[in-house]
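J.: Before I ask anything, here is the structure I am working with.
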Amino acid sequence: MSLELQVNYRKAEEKDWEKILELYNSLSSEDLYLRFFSYHRLTPEEAKKIVSGGDHYTIVAESEGKIIGEGTLYNDGEFALVVHPNYRRIGIGTEIVKKLIEKAKEEKLCEVKFYTLPDNYPMIRIGKKLGFTISEDVDEVFGYLKLNCS
């Protein structure tokens, strides 16, 4: 991986579903568990739903024609995030979440939130870095960011 990695962040398009499926197929069982709270493998139909819009907005991070990250913001302000294992810890997840927060503000949402497992340290770190209030219990971590929605 080059130190000069060029990453393009953009709204997901319907044609991206296969590359999003490839991204999810690059995840380990542990990664999938942290993302879905179960050992769930994404199906082609689910990948197509991610890019379809409707009740959500999806951003992809793309480099050299490959989708290396994906973030989805739902109409209720909840979001989900995935970054390819080879591209972690270089700010891609943080940048995707920043863009989802901007989209939430454009849509006049009052909050942005995430739920994750206590072992998902990268997601918790991103939340803390971006000013989310973090509530932890034994089974789940909840991140909450209040937006000015007036």
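By convention here, the chains of the structure tokens are called A, B, ... in the order presented, each chain's residues are numbered starting at 1, and ligands are numbered starting at 1 in the order presented.
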Which of chain A counts as strand (DSSP E) under DSSP, as a PDB file with N, CA and C atoms, in the first residue's frame please?
T.:
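Saved file out.pdb follows:
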```
ATOM      1  N   ASN A   8     -11.066   8.614  -3.044  1.00  0.00           N
ATOM      2  CA  ASN A   8     -12.196   9.425  -3.488  1.00  0.00           C
ATOM      3  C   ASN A   8     -13.421   8.996  -2.673  1.00  0.00           C
ATOM      4  N   TYR A   9     -14.058   9.974  -2.045  1.00  0.00           N
ATOM      5  CA  TYR A   9     -15.276   9.714  -1.269  1.00  0.00           C
ATOM      6  C   TYR A   9     -16.444  10.225  -2.093  1.00  0.00           C
ATOM      7  N   ARG A  10     -17.453   9.362  -2.260  1.00  0.00           N
ATOM      8  CA  ARG A  10     -18.596   9.752  -3.081  1.00  0.00           C
ATOM      9  C   ARG A  10     -19.829   8.958  -2.690  1.00  0.00           C
ATOM     10  N   LYS A  11     -20.973   9.446  -3.161  1.00  0.00           N
ATOM     11  CA  LYS A  11     -22.231   8.735  -2.952  1.00  0.00           C
ATOM     12  C   LYS A  11     -22.170   7.409  -3.716  1.00  0.00           C
ATOM     13  N   HIS A  56     -32.023   5.262   3.313  1.00  0.00           N
ATOM     14  CA  HIS A  56     -30.633   5.471   3.722  1.00  0.00           C
ATOM     15  C   HIS A  56     -29.816   6.139   2.617  1.00  0.00           C
ATOM     16  N   TYR A  57     -28.637   6.596   3.018  1.00  0.00           N
ATOM     17  CA  TYR A  57     -27.688   7.252   2.122  1.00  0.00           C
ATOM     18  C   TYR A  57     -26.339   6.583   2.345  1.00  0.00           C
ATOM     19  N   THR A  58     -25.689   6.150   1.272  1.00  0.00           N
ATOM     20  CA  THR A  58     -24.430   5.422   1.396  1.00  0.00           C
ATOM     21  C   THR A  58     -23.300   6.168   0.699  1.00  0.00           C
ATOM     22  N   ILE A  59     -22.175   6.263   1.411  1.00  0.00           N
ATOM     23  CA  ILE A  59     -20.944   6.844   0.880  1.00  0.00           C
ATOM     24  C   ILE A  59     -19.933   5.717   0.735  1.00  0.00           C
ATOM     25  N   VAL A  60     -19.160   5.757  -0.342  1.00  0.00           N
ATOM     26  CA  VAL A  60     -18.071   4.802  -0.490  1.00  0.00           C
ATOM     27  C   VAL A  60     -16.743   5.553  -0.540  1.00  0.00           C
ATOM     28  N   ALA A  61     -15.708   4.871  -0.087  1.00  0.00           N
ATOM     29  CA  ALA A  61     -14.331   5.343  -0.231  1.00  0.00           C
ATOM     30  C   ALA A  61     -13.718   4.445  -1.294  1.00  0.00           C
ATOM     31  N   GLU A  62     -13.192   5.074  -2.337  1.00  0.00           N
ATOM     32  CA  GLU A  62     -12.681   4.321  -3.484  1.00  0.00           C
ATOM     33  C   GLU A  62     -11.232   4.700  -3.732  1.00  0.00           C
ATOM     34  N   SER A  63     -10.419   3.690  -4.023  1.00  0.00           N
ATOM     35  CA  SER A  63      -9.027   3.927  -4.371  1.00  0.00           C
ATOM     36  C   SER A  63      -8.629   2.942  -5.457  1.00  0.00           C
ATOM     37  N   LYS A  66     -11.136   0.383  -6.555  1.00  0.00           N
ATOM     38  CA  LYS A  66     -11.590  -0.591  -5.566  1.00  0.00           C
ATOM     39  C   LYS A  66     -12.305   0.158  -4.437  1.00  0.00           C
ATOM     40  N   ILE A  67     -13.435  -0.358  -3.997  1.00  0.00           N
ATOM     41  CA  ILE A  67     -14.114   0.234  -2.850  1.00  0.00           C
ATOM     42  C   ILE A  67     -13.462  -0.314  -1.588  1.00  0.00           C
ATOM     43  N   ILE A  68     -12.899   0.604  -0.791  1.00  0.00           N
ATOM     44  CA  ILE A  68     -12.139   0.214   0.401  1.00  0.00           C
ATOM     45  C   ILE A  68     -12.854   0.613   1.696  1.00  0.00           C
ATOM     46  N   GLY A  69     -13.997   1.280   1.558  1.00  0.00           N
ATOM     47  CA  GLY A  69     -14.766   1.654   2.730  1.00  0.00           C
ATOM     48  C   GLY A  69     -16.186   1.992   2.328  1.00  0.00           C
ATOM     49  N   GLU A  70     -17.098   1.812   3.273  1.00  0.00           N
ATOM     50  CA  GLU A  70     -18.511   2.101   3.008  1.00  0.00           C
ATOM     51  C   GLU A  70     -19.153   2.538   4.306  1.00  0.00           C
ATOM     52  N   GLY A  71     -19.942   3.600   4.225  1.00  0.00           N
ATOM     53  CA  GLY A  71     -20.694   4.074   5.374  1.00  0.00           C
ATOM     54  C   GLY A  71     -22.119   4.369   4.950  1.00  0.00           C
ATOM     55  N   THR A  72     -23.070   3.931   5.754  1.00  0.00           N
ATOM     56  CA  THR A  72     -24.479   4.129   5.438  1.00  0.00           C
ATOM     57  C   THR A  72     -25.152   4.862   6.585  1.00  0.00           C
ATOM     58  N   LEU A  73     -25.859   5.937   6.237  1.00  0.00           N
ATOM     59  CA  LEU A  73     -26.637   6.729   7.187  1.00  0.00           C
ATOM     60  C   LEU A  73     -28.112   6.460   6.933  1.00  0.00           C
ATOM     61  N   TYR A  74     -28.819   6.048   7.978  1.00  0.00           N
ATOM     62  CA  TYR A  74     -30.251   5.770   7.861  1.00  0.00           C
ATOM     63  C   TYR A  74     -31.050   7.008   8.246  1.00  0.00           C
ATOM     64  N   PHE A  79     -25.980   5.123  11.854  1.00  0.00           N
ATOM     65  CA  PHE A  79     -25.104   4.813  10.726  1.00  0.00           C
ATOM     66  C   PHE A  79     -24.313   3.550  10.998  1.00  0.00           C
ATOM     67  N   ALA A  80     -23.795   2.985   9.904  1.00  0.00           N
ATOM     68  CA  ALA A  80     -22.952   1.796   9.956  1.00  0.00           C
ATOM     69  C   ALA A  80     -21.730   2.063   9.083  1.00  0.00           C
ATOM     70  N   LEU A  81     -20.622   1.413   9.411  1.00  0.00           N
ATOM     71  CA  LEU A  81     -19.342   1.694   8.748  1.00  0.00           C
ATOM     72  C   LEU A  81     -18.552   0.408   8.572  1.00  0.00           C
ATOM     73  N   VAL A  82     -17.891   0.290   7.408  1.00  0.00           N
ATOM     74  CA  VAL A  82     -16.984  -0.820   7.144  1.00  0.00           C
ATOM     75  C   VAL A  82     -15.776  -0.276   6.385  1.00  0.00           C
ATOM     76  N   VAL A  83     -14.572  -0.686   6.812  1.00  0.00           N
ATOM     77  CA  VAL A  83     -13.338  -0.344   6.096  1.00  0.00           C
ATOM     78  C   VAL A  83     -12.571  -1.637   5.844  1.00  0.00           C
ATOM     79  N   GLU A 111     -29.813  14.144  15.215  1.00  0.00           N
ATOM     80  CA  GLU A 111     -28.781  13.338  15.855  1.00  0.00           C
ATOM     81  C   GLU A 111     -28.181  12.354  14.866  1.00  0.00           C
ATOM     82  N   VAL A 112     -26.977  11.935  15.209  1.00  0.00           N
ATOM     83  CA  VAL A 112     -26.314  10.844  14.508  1.00  0.00           C
ATOM     84  C   VAL A 112     -25.898   9.870  15.604  1.00  0.00           C
ATOM     85  N   LYS A 113     -26.070   8.573  15.346  1.00  0.00           N
ATOM     86  CA  LYS A 113     -25.804   7.595  16.400  1.00  0.00           C
ATOM     87  C   LYS A 113     -25.298   6.286  15.816  1.00  0.00           C
ATOM     88  N   PHE A 114     -24.647   5.533  16.670  1.00  0.00           N
ATOM     89  CA  PHE A 114     -24.224   4.187  16.281  1.00  0.00           C
ATOM     90  C   PHE A 114     -24.307   3.274  17.486  1.00  0.00           C
ATOM     91  N   TYR A 115     -24.483   2.010  17.190  1.00  0.00           N
ATOM     92  CA  TYR A 115     -24.444   0.954  18.193  1.00  0.00           C
ATOM     93  C   TYR A 115     -23.314   0.027  17.773  1.00  0.00           C
ATOM     94  N   THR A 116     -22.521  -0.417  18.733  1.00  0.00           N
ATOM     95  CA  THR A 116     -21.474  -1.369  18.411  1.00  0.00           C
ATOM     96  C   THR A 116     -21.210  -2.250  19.627  1.00  0.00           C
ATOM     97  N   THR A 133     -21.025  11.333  22.344  1.00  0.00           N
ATOM     98  CA  THR A 133     -21.181  10.891  23.724  1.00  0.00           C
ATOM     99  C   THR A 133     -21.255   9.374  23.674  1.00  0.00           C
ATOM    100  N   ILE A 134     -20.407   8.720  24.436  1.00  0.00           N
ATOM    101  CA  ILE A 134     -20.324   7.262  24.402  1.00  0.00           C
ATOM    102  C   ILE A 134     -20.897   6.696  25.694  1.00  0.00           C
ATOM    103  N   SER A 135     -21.858   5.786  25.574  1.00  0.00           N
ATOM    104  CA  SER A 135     -22.423   5.066  26.712  1.00  0.00           C
ATOM    105  C   SER A 135     -22.098   3.591  26.524  1.00  0.00           C
ATOM    106  N   GLU A 136     -21.464   3.016  27.537  1.00  0.00           N
ATOM    107  CA  GLU A 136     -21.065   1.616  27.432  1.00  0.00           C
ATOM    108  C   GLU A 136     -21.774   0.780  28.485  1.00  0.00           C
ATOM    109  N   VAL A 141     -22.220  -0.780  23.034  1.00  0.00           N
ATOM    110  CA  VAL A 141     -21.763   0.600  23.171  1.00  0.00           C
ATOM    111  C   VAL A 141     -22.651   1.450  22.268  1.00  0.00           C
ATOM    112  N   PHE A 142     -23.111   2.576  22.806  1.00  0.00           N
ATOM    113  CA  PHE A 142     -23.968   3.496  22.063  1.00  0.00           C
ATOM    114  C   PHE A 142     -23.233   4.823  21.933  1.00  0.00           C
ATOM    115  N   GLY A 143     -23.116   5.294  20.684  1.00  0.00           N
ATOM    116  CA  GLY A 143     -22.522   6.591  20.424  1.00  0.00           C
ATOM    117  C   GLY A 143     -23.590   7.538  19.916  1.00  0.00           C
ATOM    118  N   TYR A 144     -23.577   8.773  20.443  1.00  0.00           N
ATOM    119  CA  TYR A 144     -24.648   9.725  20.149  1.00  0.00           C
ATOM    120  C   TYR A 144     -24.034  11.102  19.944  1.00  0.00           C
ATOM    121  N   LEU A 145     -24.412  11.746  18.848  1.00  0.00           N
ATOM    122  CA  LEU A 145     -23.966  13.106  18.569  1.00  0.00           C
ATOM    123  C   LEU A 145     -25.189  13.945  18.253  1.00  0.00           C
ATOM    124  N   LYS A 146     -25.456  14.949  19.090  1.00  0.00           N
ATOM    125  CA  LYS A 146     -26.582  15.846  18.874  1.00  0.00           C
ATOM    126  C   LYS A 146     -26.192  16.873  17.828  1.00  0.00           C
TER     127      LYS A 146
END
```
J.: Name the residues of chain A that come out as helix (DSSP H, G or I) in a backbone DSSP run; write them as an MDAnalysis selection string.
T.: chainID A and resid 14:25 29:36 44:52 85:87 92:106 121:129
J.: I'd like the interatomic distance between atom CA of Leu34 of chain A and atom CA of Arg125 of chain A, to a tenth of an Å.
T.: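 Atom CA of Arg125 of chain A lies at a distance of 14.2 Å from atom CA of Leu34 of chain A.
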J.: Expressed in Å to a single decimal, how great is the separation between atom CA of Lys103 of chain A and atom CA of His40 of chain A?
T.: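 Atom-to-atom, atom CA of Lys103 of chain A and atom CA of His40 of chain A are spaced 27.7 Å apart.
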J.: Counting only C-alpha atoms, figure out which residue out of A:Glu30, A:Glu140, A:Lys19, A:Gly65 gets nearest to Ala47 of chain A.
T.: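 For Ala47 of chain A, the nearest of the given residues is A:Lys19.
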J.: Which one of A:Leu5, A:Glu45, A:Pro85, A:Glu64 sits closest to Ser28 of chain A if you count only C-alpha atoms?
T.: A:Pro85
J.: Of the candidates A:Gly53, A:Leu117, A:Cys110, A:Ile126, which shows the shortest atom-to-atom distance to Asp139 of chain A, using only C-alpha atoms?
T.: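 Distance minimum relative to Asp139 of chain A lands on A:Leu117.
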J.: Select, from A:Thr94, A:Ile101, A:Asn86, A:Leu32, the residue with the minimum atom-to-atom distance to Ile124 of chain A, counting only C-alpha atoms.
T.: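 That would be A:Thr94, the residue with the smallest distance to Ile124 of chain A.
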